[in-house]
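Structure file structure_29.cif (mmCIF, C-alpha atoms and all ligand atoms) follows.
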```cif
data_start
#
loop_
_atom_site.label_atom_id
_atom_site.label_comp_id
_atom_site.auth_asym_id
_atom_site.auth_seq_id
_atom_site.Cartn_x
_atom_site.Cartn_y
_atom_site.Cartn_z
CA MET A 219 20.90 -12.01 -13.95
CA ASP A 220 19.91 -8.42 -14.76
CA TYR A 221 16.46 -7.26 -13.69
CA PRO A 222 14.98 -3.94 -14.85
CA ARG A 223 13.21 -2.17 -11.97
CA PRO A 224 9.42 -2.47 -12.02
CA ASN A 225 7.40 0.72 -11.44
CA ILE A 226 4.92 0.08 -8.65
CA PHE A 227 2.31 2.49 -7.33
CA ILE A 228 1.90 2.09 -3.58
CA SER A 229 -0.45 3.59 -0.99
CA LYS A 230 1.67 6.15 0.82
CA CYS A 231 0.86 4.89 4.32
CA LEU A 232 2.67 1.63 3.41
CA GLU A 233 6.19 2.49 4.55
CA HIS A 234 6.17 5.88 2.76
CA GLY A 235 4.49 8.35 5.13
CA HIS A 236 2.59 8.86 8.35
CA CYS A 237 -0.65 9.71 6.61
CA ARG A 238 -3.23 7.41 8.20
CA TYR A 239 -6.21 8.81 10.10
CA ASP A 240 -4.34 8.27 13.38
CA GLY A 241 -1.05 9.70 12.07
CA SER A 242 0.60 6.30 11.75
CA GLN A 243 2.19 4.42 8.87
CA ILE A 244 2.03 0.68 8.16
CA THR A 245 5.07 -1.56 8.43
CA SER A 246 5.51 -4.27 5.83
CA PRO A 247 8.69 -6.39 5.63
CA GLU A 248 7.74 -7.44 2.08
CA ILE A 249 7.55 -3.84 0.90
CA ILE A 250 10.86 -2.97 2.57
CA ARG A 251 12.54 -6.03 1.03
CA MET A 252 11.47 -4.93 -2.45
CA MET A 253 12.81 -1.37 -2.04
CA PRO A 254 16.28 -1.96 -3.58
CA TYR A 255 14.73 -3.62 -6.66
CA VAL A 256 11.67 -1.55 -7.63
CA ASN A 257 10.65 2.08 -8.12
CA TYR A 258 7.84 2.98 -5.76
CA ILE A 259 5.52 5.79 -6.82
CA PHE A 260 3.26 6.76 -3.96
CA ALA A 261 0.38 9.00 -2.95
CA CYS A 262 -2.22 9.23 -0.21
CA PRO A 263 -5.61 9.89 -1.87
CA GLU A 264 -7.22 11.07 1.39
CA MET A 265 -4.53 13.67 2.03
CA ALA A 266 -4.59 14.59 -1.67
CA ILE A 267 -8.23 15.68 -1.36
CA GLY A 268 -7.29 17.90 1.58
CA LEU A 269 -7.90 15.68 4.61
CA PRO A 270 -5.32 16.23 7.36
CA SER A 271 -3.39 13.60 9.30
CA PRO A 272 -4.34 12.83 12.02
CA ARG A 273 -8.04 13.12 11.12
CA GLN A 274 -11.39 11.60 11.93
CA ALA A 275 -11.76 8.14 10.42
CA ILE A 276 -13.85 7.78 7.27
CA ARG A 277 -15.97 4.85 6.14
CA LEU A 278 -17.98 3.52 3.22
CA ILE A 279 -21.73 3.55 3.69
CA ILE A 280 -24.42 2.18 1.42
CA ASN A 281 -27.43 4.50 1.37
CA ASP A 282 -31.13 3.80 0.73
CA LYS A 283 -30.58 4.23 -3.02
CA HIS A 284 -27.92 1.47 -2.83
CA GLU A 285 -25.17 3.99 -3.60
CA GLU A 286 -21.84 3.68 -1.83
CA ARG A 287 -20.68 6.94 -0.27
CA LEU A 288 -17.43 7.84 1.47
CA VAL A 289 -18.21 9.75 4.65
CA TYR A 290 -16.65 10.82 7.93
CA SER A 291 -17.47 8.00 10.37
CA MET A 292 -18.80 10.23 13.14
CA THR A 293 -20.25 13.32 11.43
CA GLY A 294 -21.39 11.80 8.12
CA GLU A 295 -19.79 14.61 6.10
CA ASP A 296 -19.61 13.28 2.53
CA VAL A 297 -16.33 13.33 0.59
CA THR A 298 -17.39 10.94 -2.20
CA GLU A 299 -17.34 13.45 -5.07
CA ALA A 300 -13.94 14.85 -4.09
CA MET A 301 -12.51 11.31 -3.92
CA ARG A 302 -14.09 10.27 -7.24
CA ALA A 303 -12.72 13.35 -9.03
CA TYR A 304 -9.25 12.81 -7.55
CA SER A 305 -9.27 9.08 -8.39
CA ILE A 306 -10.18 9.67 -12.04
CA ALA A 307 -7.52 12.38 -12.44
CA LYS A 308 -4.87 10.34 -10.63
CA ALA A 309 -5.62 7.19 -12.65
CA ALA A 310 -5.21 9.21 -15.87
CA GLU A 311 -1.88 10.57 -14.58
CA LEU A 312 -0.70 7.06 -13.61
CA ALA A 313 -1.65 5.69 -17.04
CA GLU A 314 1.16 7.85 -18.47
CA MET A 315 3.74 6.43 -16.06
CA GLU A 316 4.48 2.94 -17.41
CA LEU A 317 3.39 1.22 -14.22
CA ASP A 318 3.88 -2.52 -13.77
CA GLY A 319 1.66 -3.02 -10.73
CA PHE A 320 0.00 -1.66 -7.59
CA ILE A 321 0.21 -2.41 -3.87
CA LEU A 322 -2.65 -0.75 -2.03
CA LYS A 323 -3.56 -0.61 1.64
CA SER A 324 -5.83 -3.49 2.60
CA ARG A 325 -9.39 -2.91 3.82
CA SER A 326 -9.18 0.90 3.60
CA PRO A 327 -12.44 2.60 2.48
CA THR A 328 -10.27 4.47 -0.03
CA CYS A 329 -7.45 2.10 -1.05
CA GLY A 330 -8.77 -1.38 -0.17
CA ILE A 331 -9.06 -3.71 -3.19
CA LYS A 332 -11.52 -6.06 -1.44
CA GLU A 333 -13.04 -6.90 1.95
CA VAL A 334 -13.72 -3.25 2.81
CA LYS A 335 -16.34 -2.90 5.55
CA LEU A 336 -19.66 -1.34 4.58
CA TYR A 337 -22.02 0.45 6.95
CA LYS A 338 -25.63 1.52 6.71
CA THR A 339 -24.91 4.93 8.15
CA HIS A 340 -22.41 7.07 10.04
CA GLY A 341 -22.18 7.10 13.83
CA LYS A 342 -21.87 4.28 16.30
CA THR A 343 -23.12 1.27 14.39
CA GLN A 344 -21.96 -2.18 13.31
CA SER A 345 -20.79 -2.86 9.76
CA ILE A 346 -23.06 -5.01 7.58
CA SER A 347 -22.10 -8.42 6.24
CA ASN A 348 -21.52 -7.22 2.63
CA LYS A 349 -18.03 -6.03 1.78
CA SER A 350 -16.79 -3.71 -0.96
CA LYS A 351 -13.76 -1.97 -2.51
CA GLY A 352 -12.34 1.40 -1.57
CA LEU A 353 -13.33 4.28 -3.87
CA PHE A 354 -9.81 4.96 -5.17
CA ALA A 355 -9.11 1.23 -5.58
CA GLU A 356 -12.31 0.79 -7.57
CA THR A 357 -11.17 3.38 -10.13
CA ILE A 358 -7.69 1.84 -10.33
CA ILE A 359 -9.08 -1.68 -10.87
CA GLU A 360 -11.32 -0.37 -13.65
CA LYS A 361 -8.59 1.66 -15.33
CA PHE A 362 -5.86 -1.02 -15.14
CA PRO A 363 -7.62 -4.36 -15.63
CA LEU A 364 -4.49 -6.05 -16.97
CA LEU A 365 -2.03 -5.03 -14.25
CA ALA A 366 -1.23 -6.87 -11.03
CA ILE A 367 -3.06 -5.12 -8.17
CA GLU A 368 -2.48 -6.41 -4.66
CA ASP A 369 -2.58 -5.24 -1.08
CA GLU A 370 0.08 -5.48 1.62
CA GLY A 371 -1.87 -8.15 3.52
CA ARG A 372 -2.17 -10.46 0.53
CA ILE A 373 1.48 -10.14 -0.51
CA SER A 374 2.52 -11.51 2.88
CA ASN A 375 1.27 -14.86 1.48
CA PHE A 376 4.09 -16.69 -0.33
CA ASN A 377 2.10 -17.79 -3.41
CA ILE A 378 0.39 -14.43 -3.92
CA ARG A 379 3.70 -12.59 -3.49
CA GLU A 380 5.45 -14.90 -5.95
CA HIS A 381 2.72 -14.39 -8.56
CA PHE A 382 2.89 -10.62 -8.04
CA LEU A 383 6.70 -10.52 -8.34
CA ILE A 384 6.67 -12.64 -11.50
CA ASN A 385 4.09 -10.25 -12.96
CA VAL A 386 5.89 -7.01 -12.25
CA PHE A 387 9.41 -8.18 -13.11
CA THR A 388 8.23 -9.77 -16.38
CA LYS A 389 6.35 -6.59 -17.28
CA ALA A 390 9.40 -4.45 -16.49
CA LYS A 391 11.56 -6.62 -18.76
CA PHE A 392 8.93 -6.40 -21.47
CA ARG A 393 8.93 -2.57 -21.25
CA GLU A 394 12.65 -2.69 -21.97
CA VAL A 395 12.01 -4.83 -25.07
CA THR A 396 9.29 -2.40 -26.20
CA ARG A 397 11.56 0.60 -25.67
CA ASN A 398 14.39 -0.94 -27.70
CA GLY A 399 11.98 -1.61 -30.57
CA ALA A 400 14.01 -4.51 -32.00
CA MET A 401 12.31 -7.70 -33.19
CA LYS A 402 15.32 -9.79 -32.17
CA ASP A 403 14.80 -8.68 -28.52
CA LEU A 404 11.17 -9.77 -28.65
CA VAL A 405 12.20 -13.14 -30.09
CA LYS A 406 14.67 -13.57 -27.22
CA PHE A 407 12.10 -12.46 -24.64
CA GLN A 408 9.64 -15.07 -25.93
CA SER A 409 12.33 -17.74 -26.02
CA ASP A 410 13.77 -17.00 -22.55
CA ASN A 411 10.29 -17.03 -21.01
CA LYS A 412 9.05 -20.14 -22.81
CA TYR A 413 8.78 -22.43 -19.79
CA LEU A 414 7.61 -19.73 -17.41
CA PHE A 415 4.84 -18.80 -19.87
CA MET A 416 4.02 -22.45 -20.46
CA ALA A 417 3.41 -22.85 -16.73
CA TYR A 418 1.03 -19.89 -16.85
CA ASN A 419 -1.09 -20.32 -19.95
CA GLN A 420 -0.34 -22.44 -23.03
CA THR A 421 -3.07 -20.84 -25.15
CA GLN A 422 -1.66 -17.35 -24.70
CA LEU A 423 1.88 -18.68 -25.17
CA LYS A 424 0.88 -20.03 -28.60
CA GLN A 425 -0.78 -16.74 -29.61
CA MET A 426 2.35 -14.86 -28.60
CA GLY A 427 4.50 -17.39 -30.46
CA SER A 428 2.63 -16.81 -33.70
CA LEU A 429 2.90 -13.02 -33.24
CA VAL A 430 6.66 -13.37 -32.81
CA ALA A 431 6.88 -15.63 -35.88
CA ASN A 432 5.31 -12.66 -37.72
CA HIS A 433 4.38 -14.42 -40.95
CA GLU A 434 2.38 -11.34 -42.01
CA LYS A 435 5.52 -9.18 -41.74
CA ARG A 436 3.80 -6.63 -39.51
CA LYS A 437 5.70 -3.63 -38.17
CA PHE A 438 7.17 -4.03 -34.66
CA SER A 439 5.27 -0.98 -33.38
CA ASP A 440 1.98 -2.51 -34.51
CA LEU A 441 2.59 -6.10 -33.44
CA ILE A 442 3.98 -5.27 -29.99
CA LYS A 443 0.60 -3.95 -28.79
CA ASP A 444 -1.08 -7.27 -29.56
CA TYR A 445 1.79 -9.11 -27.93
CA GLU A 446 1.45 -6.96 -24.79
CA TYR A 447 -2.26 -7.71 -24.62
CA HIS A 448 -1.68 -11.48 -24.73
CA LEU A 449 1.21 -11.20 -22.26
CA SER A 450 -1.08 -9.37 -19.84
CA LEU A 451 -3.79 -12.02 -20.22
CA LEU A 452 -1.18 -14.72 -19.66
CA LEU A 453 0.10 -13.07 -16.48
CA LYS A 454 -3.46 -12.64 -15.23
CA THR A 455 -3.87 -16.43 -15.26
CA VAL A 456 -3.89 -17.91 -11.78
CA PRO A 457 -0.87 -20.24 -11.45
CA GLN A 458 -1.76 -23.88 -10.91
CA GLN A 459 0.29 -26.67 -9.45
CA LYS A 460 -0.76 -29.06 -12.24
CA ARG A 461 0.65 -26.78 -14.94
CA ASN A 462 3.89 -26.30 -12.98
CA VAL A 463 4.29 -30.07 -12.69
CA ASN A 464 3.73 -30.43 -16.44
CA VAL A 465 6.48 -27.89 -17.21
CA ILE A 466 8.85 -29.42 -14.65
CA MET A 467 8.43 -32.85 -16.26
CA HIS A 468 9.05 -31.25 -19.64
CA ILE A 469 12.35 -29.74 -18.44
CA LEU A 470 13.31 -32.98 -16.68
CA GLY A 471 13.05 -34.62 -20.11
CA TYR A 472 16.23 -32.73 -21.17
CA PHE A 473 18.30 -34.76 -18.70
CA SER A 474 16.43 -38.04 -18.41
CA LYS A 475 19.10 -40.04 -20.24
CA GLN A 476 21.95 -38.58 -18.21
CA LEU A 477 20.54 -38.94 -14.69
CA SER A 478 21.08 -41.98 -12.49
CA ALA A 479 18.13 -43.96 -11.17
CA LYS A 480 18.79 -42.56 -7.67
CA GLU A 481 18.81 -38.96 -8.91
CA LYS A 482 15.52 -39.48 -10.74
CA ALA A 483 13.95 -41.13 -7.68
CA TYR A 484 15.09 -38.25 -5.46
CA PHE A 485 13.58 -35.72 -7.86
CA LEU A 486 10.29 -37.59 -8.12
CA ASP A 487 10.11 -37.65 -4.30
CA LEU A 488 10.60 -33.90 -4.31
CA LEU A 489 7.87 -33.57 -6.91
CA GLU A 490 5.55 -35.53 -4.64
CA GLN A 491 6.37 -33.21 -1.74
CA TYR A 492 5.54 -30.24 -3.99
CA GLY A 493 2.22 -31.94 -4.78
CA LYS A 494 1.51 -32.04 -1.03
CA GLN A 495 2.55 -28.37 -0.69
CA GLN A 496 5.47 -29.30 1.56
CA VAL A 497 8.05 -27.51 -0.61
CA PRO A 498 7.77 -24.50 -2.98
CA VAL A 499 8.17 -24.90 -6.74
CA SER A 500 11.59 -23.21 -6.46
CA ALA A 501 12.90 -26.34 -4.65
CA LEU A 502 12.34 -28.22 -7.91
CA THR A 503 13.52 -25.51 -10.29
CA SER A 504 16.76 -25.14 -8.26
CA VAL A 505 17.60 -28.82 -8.83
CA LEU A 506 16.72 -28.52 -12.52
CA LYS A 507 18.93 -25.45 -12.86
CA LEU A 508 21.80 -27.31 -11.23
CA TRP A 509 21.43 -30.10 -13.79
CA ALA A 510 21.23 -27.54 -16.61
CA ILE A 511 24.61 -26.19 -15.38
CA ARG A 512 26.11 -29.66 -14.99
CA PHE A 513 25.00 -30.86 -18.44
CA GLU A 514 25.66 -27.45 -20.04
CA THR A 515 22.15 -27.16 -21.44
CA GLU A 516 22.55 -23.59 -22.68
CA TYR A 517 18.96 -23.15 -23.87
CA LEU A 518 17.65 -23.96 -20.39
CA LEU A 519 20.14 -21.74 -18.60
CA SER A 520 18.58 -18.61 -20.05
CA GLN A 521 15.05 -19.66 -18.99
CA THR A 522 13.44 -17.18 -16.61
CA ILE A 523 11.46 -19.94 -14.87
CA PHE A 524 14.61 -20.64 -12.83
CA GLU A 525 14.78 -17.08 -11.50
CA PRO A 526 11.85 -14.91 -12.66
CA TYR A 527 12.74 -12.18 -10.13
CA PRO A 528 15.79 -11.38 -7.96
CA ILE A 529 16.71 -14.32 -5.77
CA SER A 530 17.02 -12.08 -2.67
CA LEU A 531 13.28 -11.55 -2.86
CA ILE A 532 12.57 -15.22 -2.35
CA THR A 533 11.53 -15.85 1.22
CA VAL A 534 9.33 -18.72 2.17
CA SER A 535 7.72 -16.77 5.02
CA ASP A 536 3.99 -17.00 4.63
CA SER A 537 1.12 -15.37 6.48
CA GLY A 538 -1.17 -18.12 5.23
CA LYS A 539 -3.66 -15.34 4.35
CA GLY A 540 -5.55 -15.10 1.10
CA ARG A 541 -5.75 -16.99 -2.18
CA ILE A 542 -4.53 -15.93 -5.59
S1 LIG A 601 -5.07 3.80 2.93
FE1 LIG A 601 -4.78 5.17 1.23
S2 LIG A 601 -5.95 6.97 1.76
FE2 LIG A 601 -5.70 5.81 3.64
S3 LIG A 601 -3.88 6.64 4.59
FE3 LIG A 601 -3.23 4.95 3.31
S4 LIG A 601 -2.67 5.90 1.38
FE4 LIG A 601 -3.91 7.36 2.49
#
```
Please express what this file holds, its structure, as structure tokens.
Amino acid sequence: MDYPRPNIFISKCLEHGHCRYDGSQITSPEIIRMMPYVNYIFACPEMAIGLPSPRQAIRLIINDKHEERLVYSMTGEDVTEAMRAYSIAKAAELAEMELDGFILKSRSPTCGIKEVKLYKTHGKTQSISNKSKGLFAETIIEKFPLLAIEDEGRISNFNIREHFLINVFTKAKFREVTRNGAMKDLVKFQSDNKYLFMAYNQTQLKQMGSLVANHEKRKFSDLIKDYEYHLSLLLKTVPQQKRNVNVIMHILGYFSKQLSAKEKAYFLDLLEQYGKQQVPVSALTSVLKLWAIRFETEYLLSQTIFEPYPISLITVSDSGKGRI
């Protein structure tokens, strides 16, 4: 299968430069594994506002007026305004770049998307129990509410990584459809993704279906924006095991008359193991794909649910961290 390359913005210290406060960079096997398949666009917001590397660490503090400020941890020198101005300008620049997603550095006071430590003041003091987002991440989350935004810690979890990869590879494919501007490509996109989308969100799938049916004879350039909006909402839906099982049973229905009793029993056992989280959903979709090949079910063979992103990116390694 052919996969267009997603455009992903990434914090530079994640495998792209020694720009952390201590002059180091972060290693991430997941980010390295994705390198042959995606375009990484990177920047270090702290260096972009003129901070050197190595440098003194910075932190987020919450002052008496309940404002969050980005300051040097030891001296208290405030760099909030510089970071805000940079973040707004950079977000505007990135909005022109057809991005499909973000991977930001976890827990950084600049790039962290959640769980960033907050302090009452600079100097030697403990963090408080409340957590926040980094200043740059906050602007990105506001500016790109419909894109997948993750951090390198979370994508080491199998389910979170799978959801992220489905998002960015589906968006990249959709950009290709948009660029070509042909209604027939959009019809094929909708058809090829039917079962994947059904597993995500049936309401959005129906909305997209009626847009593609185009009874009002709208122009492609007008209709595609609405379609993109619903696609983004669909991909924002948190995947659920129950919906996956529903779609799997639906696909199984294509072969039910041709399978032997033993084959069906084996598959239902596998389904039970999936229900107990002992096997990933791909264990089931692999068997279904094999049957689609054996019974020459052409319609199913083009379904992206069998391989929504390059197979080499499937690894069942799992940090066990985080939830979608
Ligand atoms: S977390 Fe962000 S600001 Fe900090 S070093 Fe990495 S890229 Fe730079």
For chain A against ligand LIG 601 (chain A), with a cut-off of 7 Å and counting all atoms listed in the file, what is the closest atom pair and its distance in Å to one decimal for every residue that makes the cut, ordered by chain and number, as CSV?
```
residue,atom,partner,partner_atom,distance
A:Ser229,CA,A:LIG601,S4,4.0
A:Lys230,CA,A:LIG601,S4,4.4
A:Cys231,CA,A:LIG601,FE3,4.2
A:Leu232,CA,A:LIG601,FE3,6.8
A:Cys237,CA,A:LIG601,S3,4.9
A:Arg238,CA,A:LIG601,S3,3.7
A:Tyr239,CA,A:LIG601,S3,6.4
A:Ala261,CA,A:LIG601,S4,6.1
A:Cys262,CA,A:LIG601,FE4,3.7
A:Pro263,CA,A:LIG601,S2,4.7
A:Glu264,CA,A:LIG601,S2,4.3
A:Met265,CA,A:LIG601,FE4,6.4
A:Lys323,CA,A:LIG601,S1,4.8
A:Ser326,CA,A:LIG601,S1,5.1
A:Thr328,CA,A:LIG601,S2,5.3
A:Cys329,CA,A:LIG601,FE1,4.7
```
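The gap separating CA of Ile367 in chain A from CA of Ile331 in chain A is 7.9 Å, in Å to one decimal.
Residues surrounding Met426 in chain A within 7 Å are Gln422, Leu423, Leu429, Val430, Tyr445 and His448 of chain A [only C-alpha atoms; sequence separation below 3 positions excluded].
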Pick from A:Tyr447, A:Tyr517, A:Tyr304, A:Tyr337, whichever lies nearest to Leu364 in chain A using all atoms listed in the file
A:Tyr447
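The nearest approach to Pro247 in chain A among the residues A:Ser504, A:Gly371, A:Phe524, A:Ile306, with all atoms listed in the file taken into account, belongs to A:Gly371.
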Report as a ChimeraX atom specification all protein, DNA and RNA residues lying within 12 Å of range 435-439 of chain A, evaluated on only C-alpha atoms, omitting residues in the same chain fewer than 2 positions from it.
/A:395-405,428-433,441-446
Could the residues in this selection be written to a file with C-alpha atoms, as a PDB file, in the frame of the given file?
```
ATOM      1  CA  VAL A 395      12.010  -4.830 -25.070  1.00  0.00           C
ATOM      2  CA  THR A 396       9.290  -2.400 -26.200  1.00  0.00           C
ATOM      3  CA  ARG A 397      11.560   0.600 -25.670  1.00  0.00           C
ATOM      4  CA  ASN A 398      14.390  -0.940 -27.700  1.00  0.00           C
ATOM      5  CA  GLY A 399      11.980  -1.610 -30.570  1.00  0.00           C
ATOM      6  CA  ALA A 400      14.010  -4.510 -32.000  1.00  0.00           C
ATOM      7  CA  MET A 401      12.310  -7.700 -33.190  1.00  0.00           C
ATOM      8  CA  LYS A 402      15.320  -9.790 -32.170  1.00  0.00           C
ATOM      9  CA  ASP A 403      14.800  -8.680 -28.520  1.00  0.00           C
ATOM     10  CA  LEU A 404      11.170  -9.770 -28.650  1.00  0.00           C
ATOM     11  CA  VAL A 405      12.200 -13.140 -30.090  1.00  0.00           C
ATOM     12  CA  SER A 428       2.630 -16.810 -33.700  1.00  0.00           C
ATOM     13  CA  LEU A 429       2.900 -13.020 -33.240  1.00  0.00           C
ATOM     14  CA  VAL A 430       6.660 -13.370 -32.810  1.00  0.00           C
ATOM     15  CA  ALA A 431       6.880 -15.630 -35.880  1.00  0.00           C
ATOM     16  CA  ASN A 432       5.310 -12.660 -37.720  1.00  0.00           C
ATOM     17  CA  HIS A 433       4.380 -14.420 -40.950  1.00  0.00           C
ATOM     18  CA  LEU A 441       2.590  -6.100 -33.440  1.00  0.00           C
ATOM     19  CA  ILE A 442       3.980  -5.270 -29.990  1.00  0.00           C
ATOM     20  CA  LYS A 443       0.600  -3.950 -28.790  1.00  0.00           C
ATOM     21  CA  ASP A 444      -1.080  -7.270 -29.560  1.00  0.00           C
ATOM     22  CA  TYR A 445       1.790  -9.110 -27.930  1.00  0.00           C
ATOM     23  CA  GLU A 446       1.450  -6.960 -24.790  1.00  0.00           C
TER      24      GLU A 446
END
```
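When all atoms listed in the file are used to measure the gap to Ile358 in chain A, the shortest distance among A:Gln491, A:Gln420, A:Gln425, A:Ser305 belongs to A:Ser305.
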Who sits within 12 Å of His284 in chain A, all atoms listed in the file, same chain under 2 positions skipped, as number ranges by chain
A: 278-282, 286-287, 336-339
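Residues with at least one atom no more than 9 Å from (13.0, -21.8, -7.2), using all atoms listed in the file, are A:Pro498, A:Val499, A:Ser500, A:Ala501, A:Leu502, A:Thr503, A:Ser504, A:Val505, A:Lys507, A:Ile523, A:Phe524, A:Glu525, A:Pro526, A:Ile529, A:Ile532.
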Pick out the residues sitting within 7 Å of Glu370 in chain A, and hand them over as a VMD selection string; count all atoms listed in the file, and ignore anything fewer than 5 positions along from it in its own chain.
chain A and resid 246 321 to 324
Distance criterion (only C-alpha atoms): nearest to Gly330 in chain A out of A:Tyr484, A:Arg277, A:Phe362, A:Leu269:
A:Arg277
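Closest to Asn225 in chain A among A:Tyr258, A:Phe485, A:Phe415, A:Tyr492 is A:Tyr258, based on all atoms listed in the file.
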Contacts of range 389-393 of chain A within 7 Å, all atoms listed in the file, excl. fewer than 3 positions in-chain, as a PDB file with C-alpha atoms, keeping the file's coordinate frame:
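Here's the written file part.pdb:
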```
ATOM      1  CA  PRO A 222      14.980  -3.940 -14.850  1.00  0.00           C
ATOM      2  CA  ARG A 223      13.210  -2.170 -11.970  1.00  0.00           C
ATOM      3  CA  PRO A 224       9.420  -2.470 -12.020  1.00  0.00           C
ATOM      4  CA  ASP A 318       3.880  -2.520 -13.770  1.00  0.00           C
ATOM      5  CA  ASN A 385       4.090 -10.250 -12.960  1.00  0.00           C
ATOM      6  CA  VAL A 386       5.890  -7.010 -12.250  1.00  0.00           C
ATOM      7  CA  THR A 396       9.290  -2.400 -26.200  1.00  0.00           C
ATOM      8  CA  ARG A 397      11.560   0.600 -25.670  1.00  0.00           C
TER       9      ARG A 397
END
```
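In this structure, CA of Glu316 in chain A sits 18.1 Å away from CA of Asp440 in chain A.
Going from CA of Ala310 in chain A to CA of Ala266 in chain A covers 15.2 Å.
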Edge lengths and centre in Å, axis-aligned, range 433-450 of chain A plus 3 Å each side, as JSON:
```
{"center_x": 2.5, "center_y": -7.7, "center_z": -30.9, "size_x": 15.4, "size_y": 19.4, "size_z": 28.2}
```
Using all atoms listed in the file, find all polymer residues with an atom at most 8 Å away from the point (-21.2, 8.5, -4.6); report them as JSON, numbers by chain.
{"A": [285, 286, 287, 288, 298, 299, 302]}
Since fewer atoms than expected are present, regenerate N, CA and C atoms for range 325-341 of chain A and write them as a short mmCIF file (atom, residue, chain, number, x, y, z; two decimals), in the frame of the given file.
```cif
data_model
loop_
_atom_site.label_atom_id
_atom_site.label_comp_id
_atom_site.auth_asym_id
_atom_site.auth_seq_id
_atom_site.Cartn_x
_atom_site.Cartn_y
_atom_site.Cartn_z
N ARG A 325 -8.15 -3.20 3.07
CA ARG A 325 -9.39 -2.91 3.82
C ARG A 325 -9.68 -1.42 4.06
N SER A 326 -8.90 -0.54 3.43
CA SER A 326 -9.18 0.90 3.60
C SER A 326 -10.40 1.29 2.76
N PRO A 327 -11.27 2.19 3.28
CA PRO A 327 -12.44 2.60 2.48
C PRO A 327 -12.03 3.37 1.22
N THR A 328 -10.78 3.77 1.16
CA THR A 328 -10.27 4.47 -0.03
C THR A 328 -9.42 3.53 -0.89
N CYS A 329 -8.43 2.88 -0.29
CA CYS A 329 -7.45 2.10 -1.05
C CYS A 329 -7.71 0.60 -1.08
N GLY A 330 -8.59 0.08 -0.27
CA GLY A 330 -8.77 -1.38 -0.17
C GLY A 330 -9.29 -2.01 -1.47
N ILE A 331 -8.64 -3.09 -1.92
CA ILE A 331 -9.06 -3.71 -3.19
C ILE A 331 -10.19 -4.72 -2.99
N LYS A 332 -10.41 -5.16 -1.76
CA LYS A 332 -11.52 -6.06 -1.44
C LYS A 332 -11.71 -6.08 0.08
N GLU A 333 -12.79 -6.71 0.51
CA GLU A 333 -13.04 -6.90 1.95
C GLU A 333 -13.12 -5.59 2.73
N VAL A 334 -13.58 -4.53 2.08
CA VAL A 334 -13.72 -3.25 2.81
C VAL A 334 -15.09 -3.24 3.49
N LYS A 335 -15.09 -2.89 4.78
CA LYS A 335 -16.34 -2.90 5.55
C LYS A 335 -17.32 -1.87 4.98
N LEU A 336 -18.59 -2.24 5.01
CA LEU A 336 -19.66 -1.34 4.58
C LEU A 336 -20.58 -1.11 5.77
N TYR A 337 -21.09 0.12 5.87
CA TYR A 337 -22.02 0.45 6.95
C TYR A 337 -23.32 0.97 6.34
N LYS A 338 -24.35 0.96 7.17
CA LYS A 338 -25.63 1.52 6.71
C LYS A 338 -25.63 3.04 6.87
N THR A 339 -24.89 3.50 7.87
CA THR A 339 -24.91 4.93 8.15
C THR A 339 -23.66 5.33 8.93
N HIS A 340 -23.52 6.64 9.20
CA HIS A 340 -22.41 7.07 10.04
C HIS A 340 -22.81 6.89 11.52
N GLY A 341 -21.88 7.21 12.40
CA GLY A 341 -22.18 7.10 13.83
C GLY A 341 -21.87 5.72 14.37
#
```
